[in-house]
$ cat query_10.txt   # compact mmCIF, C-alpha atoms and all ligand atoms
# COMPACT_ATOMS: atom_id res chain seq x y z
CA GLU A 757 97.55 83.66 106.82
CA LYS A 758 97.46 87.36 105.92
CA GLY A 759 95.45 87.90 109.08
CA GLY A 760 92.72 89.87 107.33
CA TYR A 761 95.13 92.20 105.52
CA ASP A 762 95.20 92.46 101.73
CA TYR A 763 98.95 91.97 101.63
CA PHE A 764 101.64 90.44 103.80
CA MET A 765 103.40 93.77 103.69
CA LEU A 766 100.48 95.51 105.41
CA LYS A 767 100.35 92.76 108.01
CA GLU A 768 104.08 93.02 108.59
CA ILE A 769 103.96 96.81 108.90
CA ALA A 770 101.23 96.39 111.51
CA GLU A 771 103.26 93.79 113.39
CA GLN A 772 106.12 96.18 113.98
CA PRO A 773 105.29 97.20 117.56
CA LYS A 774 105.28 93.54 118.57
CA ALA A 775 108.39 92.74 116.54
CA VAL A 776 110.26 95.58 118.24
CA ALA A 777 109.05 94.57 121.71
CA ASP A 778 109.93 90.90 121.08
CA THR A 779 113.42 91.83 119.98
CA LEU A 780 113.96 93.75 123.22
CA LEU A 781 112.40 91.06 125.39
CA GLY A 782 114.70 89.67 128.06
CA ARG A 783 117.63 91.73 126.87
CA ILE A 784 117.28 94.77 129.13
CA ASP A 785 116.99 93.99 132.82
CA PRO A 786 114.99 96.15 135.24
CA SER A 787 118.11 97.94 136.46
CA GLY A 788 118.70 99.14 132.89
CA SER A 789 121.69 96.97 132.08
CA LEU A 790 121.88 94.73 129.06
CA THR A 791 122.07 90.96 129.03
CA LEU A 792 123.12 89.70 125.64
CA ASP A 793 124.10 86.14 126.48
CA GLU A 794 123.92 85.18 122.82
CA VAL A 795 126.84 87.43 122.01
CA ARG A 796 129.40 84.73 122.57
CA ILE A 797 132.36 87.00 122.13
CA SER A 798 133.91 87.49 125.53
CA PRO A 799 133.87 90.88 127.25
CA SER A 800 137.67 90.88 127.24
CA GLU A 801 137.69 90.35 123.47
CA LEU A 802 135.09 93.09 123.05
CA ARG A 803 137.27 95.44 125.08
CA GLU A 804 140.14 94.82 122.64
CA ILE A 805 138.18 95.77 119.56
CA ASP A 806 139.47 98.85 117.80
CA LYS A 807 137.11 98.96 114.84
CA VAL A 808 133.61 97.84 113.94
CA VAL A 809 132.80 97.02 110.32
CA ILE A 810 129.20 96.45 109.30
CA VAL A 811 128.41 94.56 106.09
CA ALA A 812 124.94 94.11 104.63
CA CYS A 813 122.81 94.64 101.51
CA GLY A 814 119.72 96.69 100.70
CA THR A 815 117.52 97.54 103.65
CA ALA A 816 119.84 95.76 106.08
CA PHE A 817 122.62 98.05 104.83
CA HIS A 818 120.47 101.05 105.75
CA ALA A 819 120.10 99.64 109.26
CA GLY A 820 123.89 99.43 109.35
CA LEU A 821 124.28 103.06 108.29
CA ILE A 822 122.08 104.10 111.21
CA ALA A 823 123.97 101.79 113.58
CA LYS A 824 127.20 103.63 112.77
CA TYR A 825 125.87 106.82 114.37
CA ALA A 826 124.87 104.96 117.53
CA ILE A 827 128.04 102.86 117.81
CA GLU A 828 130.40 105.78 117.34
CA HIS A 829 128.43 108.11 119.61
CA TRP A 830 127.90 105.65 122.46
CA THR A 831 131.14 103.68 122.33
CA ARG A 832 133.69 105.92 120.55
CA ILE A 833 134.81 102.91 118.49
CA PRO A 834 135.30 103.83 114.83
CA CYS A 835 132.67 102.12 112.69
CA GLU A 836 132.57 101.59 108.93
CA VAL A 837 129.54 100.40 107.03
CA GLU A 838 129.90 98.81 103.66
CA LEU A 839 127.77 97.15 101.06
CA ALA A 840 128.66 93.49 101.32
CA SER A 841 128.97 93.27 97.54
CA GLU A 842 131.74 95.89 97.53
CA PHE A 843 133.50 94.88 100.70
CA ARG A 844 135.55 91.82 99.87
CA TYR A 845 136.56 92.98 96.44
CA ARG A 846 138.53 95.92 97.73
CA ASP A 847 140.94 94.15 100.06
CA PRO A 848 139.57 95.67 103.29
CA ILE A 849 141.89 96.16 106.25
CA LEU A 850 140.83 93.73 108.95
CA ASP A 851 142.47 91.85 111.76
CA GLY A 852 141.75 90.15 115.06
CA ARG A 853 140.79 93.46 116.65
CA SER A 854 138.06 94.22 114.11
CA LEU A 855 134.48 93.25 114.96
CA VAL A 856 132.50 92.57 111.81
CA ILE A 857 128.71 92.75 112.09
CA ALA A 858 126.79 91.05 109.29
CA ILE A 859 123.14 92.10 109.14
CA SER A 860 120.68 89.93 107.22
CA GLN A 861 116.99 89.19 107.53
CA SER A 862 117.15 85.90 105.62
CA GLY A 863 120.61 84.82 106.70
CA GLU A 864 121.12 83.54 103.17
CA THR A 865 122.23 86.60 101.20
CA MET A 866 125.23 85.45 99.18
CA ASP A 867 127.10 88.77 99.18
CA THR A 868 126.81 89.12 102.96
CA LEU A 869 127.87 85.52 103.46
CA MET A 870 130.93 85.94 101.26
CA ALA A 871 131.85 89.16 103.09
CA LEU A 872 131.72 87.45 106.47
CA ARG A 873 133.76 84.50 105.22
CA HIS A 874 136.37 86.94 104.01
CA ALA A 875 136.37 88.70 107.40
CA ARG A 876 136.83 85.44 109.29
CA GLU A 877 139.73 84.49 107.02
CA GLN A 878 141.42 87.71 108.15
CA GLY A 879 140.98 86.64 111.79
CA SER A 880 138.13 89.03 112.63
CA LYS A 881 135.25 88.06 114.88
CA VAL A 882 131.87 88.11 113.16
CA LEU A 883 128.60 88.85 114.89
CA ALA A 884 125.47 88.18 112.84
CA ILE A 885 122.24 90.10 113.31
CA CYS A 886 119.71 87.82 111.71
CA ASN A 887 116.00 87.03 111.65
CA THR A 888 116.12 83.42 110.49
CA ASN A 889 117.05 80.75 112.99
CA GLY A 890 119.71 78.35 111.87
CA SER A 891 120.30 80.02 108.51
CA THR A 892 123.74 80.05 106.90
CA ILE A 893 124.97 83.49 108.02
CA PRO A 894 124.49 82.87 111.76
CA ARG A 895 125.84 79.34 111.41
CA GLU A 896 129.05 80.66 109.92
CA SER A 897 129.44 83.53 112.40
CA ASP A 898 131.16 83.56 115.79
CA ALA A 899 127.99 84.78 117.45
CA VAL A 900 124.47 85.79 116.56
CA LEU A 901 121.95 88.20 117.93
CA TYR A 902 118.58 87.16 116.54
CA THR A 903 115.93 89.69 115.69
CA HIS A 904 112.50 88.45 116.72
CA ALA A 905 110.43 89.87 113.89
CA GLY A 906 108.84 86.51 113.06
CA PRO A 907 108.68 85.35 109.44
CA GLU A 908 108.78 88.18 106.93
CA VAL A 909 107.03 87.12 103.72
CA ALA A 910 106.69 90.32 101.68
CA VAL A 911 109.74 90.94 99.52
CA ALA A 912 109.95 94.51 100.80
CA SER A 913 111.51 94.44 104.23
CA THR A 914 109.65 96.33 106.97
CA LYS A 915 109.46 94.70 110.38
CA ALA A 916 112.84 93.07 109.87
CA PHE A 917 114.34 96.53 109.36
CA LEU A 918 112.92 97.93 112.60
CA THR A 919 114.14 94.93 114.54
CA GLN A 920 117.58 95.18 112.91
CA LEU A 921 117.74 98.72 114.22
CA VAL A 922 116.77 97.55 117.69
CA ALA A 923 119.44 94.83 117.58
CA CYS A 924 122.03 97.36 116.42
CA TYR A 925 121.15 99.72 119.26
CA LEU A 926 121.42 96.82 121.72
CA VAL A 927 124.84 95.86 120.38
CA ALA A 928 126.01 99.48 120.54
CA LEU A 929 124.75 99.87 124.11
CA TYR A 930 126.24 96.52 125.09
CA LEU A 931 129.63 97.49 123.69
CA GLY A 932 129.38 100.70 125.69
CA GLN A 933 128.43 98.75 128.81
CA VAL A 934 131.26 96.23 128.46
CA ARG A 935 133.86 98.87 127.71
CA GLY A 936 132.57 101.36 130.25
CA THR A 937 132.33 104.20 127.74
CA LYS A 938 129.78 106.95 128.32
CA TRP A 939 127.78 104.77 130.69
CA GLY A 940 125.92 107.62 132.32
CA ASP A 941 122.56 109.32 132.46
CA GLU A 942 122.26 109.81 128.71
CA ILE A 943 122.57 106.09 128.11
CA GLN A 944 120.14 105.23 130.88
CA ALA A 945 117.61 107.62 129.34
CA VAL A 946 118.11 106.01 125.92
CA ILE A 947 117.57 102.55 127.39
CA ARG A 948 114.36 103.72 129.03
CA ASP A 949 113.15 105.26 125.77
CA LEU A 950 114.09 102.15 123.83
CA SER A 951 112.05 100.00 126.23
CA ARG A 952 109.01 102.15 125.46
CA ILE A 953 109.58 102.58 121.73
CA SER A 954 107.14 99.89 120.67
CA GLU A 955 104.25 102.03 121.98
CA GLU A 956 105.52 104.96 119.94
CA VAL A 957 105.62 102.82 116.81
CA GLU A 958 102.04 101.83 117.58
CA ARG A 959 101.05 105.49 117.85
CA VAL A 960 102.59 106.22 114.46
CA LEU A 961 100.61 103.37 112.90
CA GLU A 962 97.39 104.84 114.26
CA THR A 963 97.93 108.09 112.35
CA MET A 964 98.73 106.72 108.88
CA GLU A 965 95.46 107.45 107.06
CA PRO A 966 96.54 110.92 105.81
CA VAL A 967 99.79 109.35 104.55
CA ARG A 968 97.78 106.84 102.51
CA ALA A 969 95.55 109.57 101.15
CA LEU A 970 98.58 111.63 100.18
CA ALA A 971 100.24 108.65 98.46
CA ARG A 972 97.15 108.10 96.30
CA THR A 973 97.37 111.67 94.99
CA LEU A 974 100.95 111.05 93.83
CA ALA A 975 100.32 107.89 91.82
CA THR A 976 101.00 109.55 88.47
CA LYS A 977 104.26 111.23 89.47
CA ASN A 978 107.54 110.10 87.91
CA THR A 979 109.95 111.00 90.68
CA VAL A 980 109.99 111.37 94.44
CA LEU A 981 113.04 112.71 96.27
CA PHE A 982 113.92 112.05 99.91
CA LEU A 983 116.13 114.23 102.09
CA GLY A 984 117.51 113.68 105.56
CA ARG A 985 120.59 114.24 107.60
CA HIS A 986 122.34 112.50 110.47
CA VAL A 987 120.30 109.32 111.11
CA GLY A 988 117.57 110.80 108.91
CA TYR A 989 119.83 110.35 105.89
CA PRO A 990 119.71 106.52 105.89
CA VAL A 991 115.98 106.83 106.60
CA ALA A 992 115.72 108.87 103.38
CA LEU A 993 117.66 106.16 101.52
CA GLU A 994 115.31 103.53 102.89
CA GLY A 995 112.23 105.54 101.91
CA ALA A 996 113.58 105.81 98.37
CA LEU A 997 114.45 102.10 98.17
CA LYS A 998 110.95 101.13 99.28
CA LEU A 999 109.42 103.35 96.62
CA LYS A 1000 111.63 101.95 93.84
CA GLU A 1001 110.93 98.36 94.82
CA LEU A 1002 107.20 98.71 95.25
CA ALA A 1003 105.99 101.60 93.12
CA TYR A 1004 108.61 101.22 90.33
CA MET A 1005 109.09 104.97 90.50
CA HIS A 1006 112.29 106.90 90.27
CA ALA A 1007 113.17 107.74 93.84
CA GLU A 1008 116.39 108.98 95.35
CA GLY A 1009 117.53 109.71 98.86
CA PHE A 1010 120.02 112.49 99.54
CA ALA A 1011 121.87 113.87 102.51
CA ALA A 1012 120.25 117.28 102.90
CA GLY A 1013 123.65 118.93 103.27
CA GLU A 1014 124.47 117.78 99.73
CA LEU A 1015 121.58 119.66 98.13
CA LYS A 1016 123.69 122.56 96.94
CA HIS A 1017 126.34 120.18 95.62
CA GLY A 1018 124.05 118.96 92.88
CA PRO A 1019 120.66 117.51 93.74
CA ILE A 1020 118.98 120.90 94.05
CA ALA A 1021 119.12 121.06 90.23
CA LEU A 1022 116.46 118.33 90.23
CA ILE A 1023 113.98 120.50 92.10
CA GLU A 1024 111.24 121.78 89.85
CA GLU A 1025 107.57 122.71 90.05
CA ASP A 1026 105.53 120.15 91.98
CA VAL A 1027 108.23 117.49 92.48
CA PRO A 1028 107.37 115.68 95.73
CA VAL A 1029 110.23 115.92 98.21
CA VAL A 1030 110.00 114.00 101.46
CA VAL A 1031 112.11 115.55 104.20
CA VAL A 1032 112.99 113.73 107.41
CA VAL A 1033 113.52 116.45 110.00
CA PRO A 1034 115.81 115.86 112.98
CA SER A 1035 114.55 116.74 116.43
CA PRO A 1036 114.73 120.45 117.32
CA ARG A 1037 116.08 119.33 120.69
CA GLY A 1038 119.56 117.86 120.95
CA ARG A 1039 121.32 118.61 117.70
CA SER A 1040 119.29 121.72 117.02
CA VAL A 1041 121.83 123.07 114.52
CA LEU A 1042 120.90 120.26 112.17
CA HIS A 1043 117.24 120.98 112.66
CA ASP A 1044 117.68 124.61 111.72
CA LYS A 1045 119.75 123.73 108.67
CA ILE A 1046 117.16 121.32 107.38
CA VAL A 1047 114.39 123.88 107.89
CA SER A 1048 116.30 126.21 105.60
CA ASN A 1049 116.68 123.37 103.08
CA ILE A 1050 112.90 122.95 103.13
CA GLN A 1051 112.48 126.70 102.55
CA GLU A 1052 114.92 126.56 99.63
CA ILE A 1053 113.27 123.68 97.84
CA ARG A 1054 109.81 125.06 98.42
CA ALA A 1055 110.85 128.41 96.99
CA ARG A 1056 111.71 126.44 93.82
CA GLY A 1057 108.24 124.97 93.64
CA ALA A 1058 108.78 121.53 95.24
CA ARG A 1059 105.88 119.92 97.03
CA THR A 1060 107.24 119.40 100.53
CA ILE A 1061 106.23 116.36 102.54
CA VAL A 1062 107.72 116.87 105.96
CA ILE A 1063 108.22 114.23 108.64
CA ALA A 1064 108.76 116.08 111.90
CA GLU A 1065 108.54 115.51 115.60
CA GLU A 1066 105.36 116.44 117.46
CA GLY A 1067 105.61 119.99 118.73
CA ASP A 1068 108.11 121.08 116.08
CA GLU A 1069 106.39 124.26 114.92
CA ALA A 1070 109.28 125.68 112.90
CA VAL A 1071 108.50 123.41 109.93
CA VAL A 1072 104.79 124.25 109.75
CA PRO A 1073 104.98 127.26 107.38
CA TYR A 1074 106.99 125.32 104.80
CA ALA A 1075 105.27 121.94 104.84
CA ASP A 1076 102.71 121.25 102.11
CA HIS A 1077 102.05 117.99 103.95
CA LEU A 1078 103.09 117.40 107.52
CA ILE A 1079 103.54 113.93 108.99
CA ARG A 1080 104.03 113.92 112.74
CA VAL A 1081 106.14 111.38 114.62
CA PRO A 1082 106.51 111.07 118.40
CA VAL A 1083 109.32 112.74 120.30
CA THR A 1084 112.25 110.31 120.60
CA PRO A 1085 115.96 110.65 121.33
CA THR A 1086 117.71 111.66 118.09
CA LEU A 1087 119.43 108.33 117.55
CA LEU A 1088 116.19 106.37 117.93
CA GLN A 1089 114.15 108.52 115.55
CA PRO A 1090 114.54 106.11 112.60
CA LEU A 1091 112.32 103.62 114.45
CA VAL A 1092 109.37 105.99 114.14
CA ALA A 1093 110.30 108.01 111.04
CA THR A 1094 110.65 104.99 108.73
CA VAL A 1095 107.12 103.72 109.33
CA PRO A 1096 105.31 106.45 107.35
CA LEU A 1097 107.69 105.84 104.44
CA GLN A 1098 106.78 102.14 104.39
CA VAL A 1099 103.08 102.96 104.41
CA PHE A 1100 103.62 105.60 101.72
CA ALA A 1101 105.40 103.16 99.38
CA CYS A 1102 102.90 100.38 99.97
CA GLU A 1103 99.95 102.65 99.20
CA LEU A 1104 101.60 104.09 96.11
CA ALA A 1105 102.26 100.58 94.82
CA THR A 1106 98.61 99.69 95.33
CA ALA A 1107 97.45 102.88 93.65
CA ARG A 1108 99.64 102.07 90.64
CA GLY A 1109 98.23 98.57 90.45
CA ASN A 1110 101.48 96.84 91.36
CA GLU A 1111 101.88 93.54 93.08
CA VAL A 1112 102.81 94.60 96.61
CA ASP A 1113 104.18 91.39 98.08
CA GLN A 1114 106.02 90.21 94.99
CA PRO A 1115 107.45 93.21 93.16
CA ARG A 1116 108.68 92.52 89.65
CA ASN A 1117 112.21 91.18 89.19
CA LEU A 1118 112.87 90.80 92.92
CA ALA A 1119 113.37 87.81 95.19
CA LYS A 1120 112.98 87.73 98.95
CA SER A 1121 116.40 86.39 99.45
CA VAL A 1122 119.23 86.90 96.99
CA THR A 1123 121.30 83.74 97.14
CA VAL A 1124 123.35 84.46 94.06
CA GLU A 1125 125.90 87.21 93.50
O1 LIG B 1 117.88 88.92 103.79
P1 LIG B 1 118.74 90.15 103.79
O2 LIG B 1 118.43 91.06 104.92
O3 LIG B 1 120.21 89.82 103.75
O4 LIG B 1 118.38 90.89 102.44
C1 LIG B 1 119.07 92.05 102.06
C2 LIG B 1 118.37 92.74 100.93
O5 LIG B 1 118.27 91.89 99.80
C3 LIG B 1 116.97 93.20 101.33
O6 LIG B 1 116.98 94.02 102.44
C4 LIG B 1 116.29 93.94 100.16
O7 LIG B 1 116.93 95.15 99.94
C5 LIG B 1 114.80 94.14 100.49
N1 LIG B 1 113.99 93.66 99.40
C6 LIG B 1 114.45 95.57 100.79
O8 LIG B 1 113.10 95.78 101.01
$ encode --input "query_10.txt" --output "structure tokens"
Amino acid sequence: EKGGYDYFMLKEIAEQPKAVADTLLGRIDPSGSLTLDEVRISPSELREIDKVVIVACGTAFHAGLIAKYAIEHWTRIPCEVELASEFRYRDPILDGRSLVIAISQSGETMDTLMALRHAREQGSKVLAICNTNGSTIPRESDAVLYTHAGPEVAVASTKAFLTQLVACYLVALYLGQVRGTKWGDEIQAVIRDLSRISEEVERVLETMEPVRALARTLATKNTVLFLGRHVGYPVALEGALKLKELAYMHAEGFAAGELKHGPIALIEEDVPVVVVVPSPRGRSVLHDKIVSNIQEIRARGARTIVIAEEGDEAVVPYADHLIRVPVTPTLLQPLVATVPLQVFACELATARGNEVDQPRNLAKSVTVE
């Protein structure tokens, strides 16, 4: 059942190219337009929407944070992302023109379910992004876009996360298509790149041995910090969550722009800091800013572990360890940049003698509040 792998998590990490491809299958037609028949919310209703609110927990919440960048950039609809457990307790402002997206691998997470019930009571339409056919969250939603990751057994979510991202990109692009916003060359290029992204994920997986070797050298560390900005920020949060869950290490993700507002005080000799570097193309300002962050933390003795696009030479002088990811459009980078962080956490857990598939105190699906 583990297909020759020691752990389900390793198997599920390896299945990601297929999971991503399966989630795209049949949803982009050859002309580059999207067919999301499952989204049973009519185009006219979608055109009326004035706000998107995403609710989710844990890793699914991180997918939502990334989705916000894509939805706002491609559709110009304001998008909020909120932890489902916080959402309904603060009397959120919702009405019939709000589209609520509930993201859940299991479809049974109690907090997410209660959040969507609350949203429907306010008259909002709810679209579920879910991996489990017929589970409660899609059953109680107005529409569902299934991720096709296949069963995810390991408690730590990996392939479900990548497919949640794909589903979020599809929804964002579909909203753009229906509403006619920004439907030009940039979008067509993104759709082409998205169709090919599964091969890029495969290429990342082929280069993971140095990441494993690096993880083994860090097994006795107490803390690992993660920095990113733009869509790299939620990737940093996800990298830190994986490490907490699996390696039981203190790990924290920060927005790199926040460094000087506090976190830089944590930087001391030999602390491993993983930095997710945005592409030097596109938003190059962000790239340059993060390169100076890497210089700053390295000058204070941090051990820099840099995830950067192939061909990005500016980071080389400041990277103690360099992990390369393929060139992708900025908004799609999380699909390739998260993979090394999953491998890193899995290997660290193994090196520390932890149970990879069943981390202590955790359940695969949290059906209580
Ligand atoms: O089934 P869900 O996607 O609703 O689960 C949400 C979280 O409980 C889940 O992502 C959790 O954070 C994972 N263990 C992360 O690896």
$ residues_around --input "query_10.txt" --residues "Pro1034 in chain A" --least-positions-apart "5" --cutoff "8 Å" --atoms "only C-alpha atoms" --output "short mmCIF file (atom, residue, chain, number, x, y, z; two decimals) with C-alpha atoms, in the coordinates of the input"
data_model
loop_
_atom_site.label_atom_id
_atom_site.label_comp_id
_atom_site.auth_asym_id
_atom_site.auth_seq_id
_atom_site.Cartn_x
_atom_site.Cartn_y
_atom_site.Cartn_z
CA GLY A 984 117.51 113.68 105.56
CA ARG A 985 120.59 114.24 107.60
CA HIS A 986 122.34 112.50 110.47
CA GLY A 988 117.57 110.80 108.91
CA ARG A 1039 121.32 118.61 117.70
CA SER A 1040 119.29 121.72 117.02
CA LEU A 1042 120.90 120.26 112.17
CA HIS A 1043 117.24 120.98 112.66
CA ILE A 1046 117.16 121.32 107.38
CA ALA A 1064 108.76 116.08 111.90
CA GLU A 1065 108.54 115.51 115.60
CA THR A 1086 117.71 111.66 118.09
CA GLN A 1089 114.15 108.52 115.55
#
$ residues_near_ligand --input "query_10.txt" --ligand "ligand LIG 1 (chain B)" --cutoff "8 Å" --atoms "all atoms listed in the file" --output "ChimeraX atom specification"
/A:812-817,859-865,868,886,911-914,916-917,997-998,1001,1118-1122
$ closest_residue --input "query_10.txt" --among "A:Ile827, A:Ala819, A:Ile1061, A:Met870" --to "Ala840 in chain A" --atoms "all atoms listed in the file"
A:Met870
$ atom_distance --input "query_10.txt" --atom1 "CA of Leu926 in chain A" --atom2 "CA of Gly788 in chain A"
11.7 Å
$ atom_distance --input "query_10.txt" --atom1 "CA of Asp949 in chain A" --atom2 "CA of Arg796 in chain A"
26.4 Å
$ atom_distance --input "query_10.txt" --atom1 "CA of Leu792 in chain A" --atom2 "CA of Leu821 in chain A"
21.9 Å
$ closest_residue --input "query_10.txt" --among "A:Lys915, A:Arg1108, A:Arg959, A:His874" --to "Arg846 in chain A" --atoms "only C-alpha atoms"
A:His874
$ closest_residue --input "query_10.txt" --among "A:Glu1069, A:Asp778, A:Glu804, A:Glu1052" --to "Ile1020 in chain A" --atoms "only C-alpha atoms"
A:Glu1052
$ closest_residue --input "query_10.txt" --among "A:Lys824, A:Val922, A:Asp851, A:Lys977" --to "Ser951 in chain A" --atoms "only C-alpha atoms"
A:Val922
$ closest_residue --input "query_10.txt" --among "A:Val1041, A:Leu1087, A:Pro1073, A:Arg853" --to "Val946 in chain A" --atoms "all atoms listed in the file"
A:Leu1087
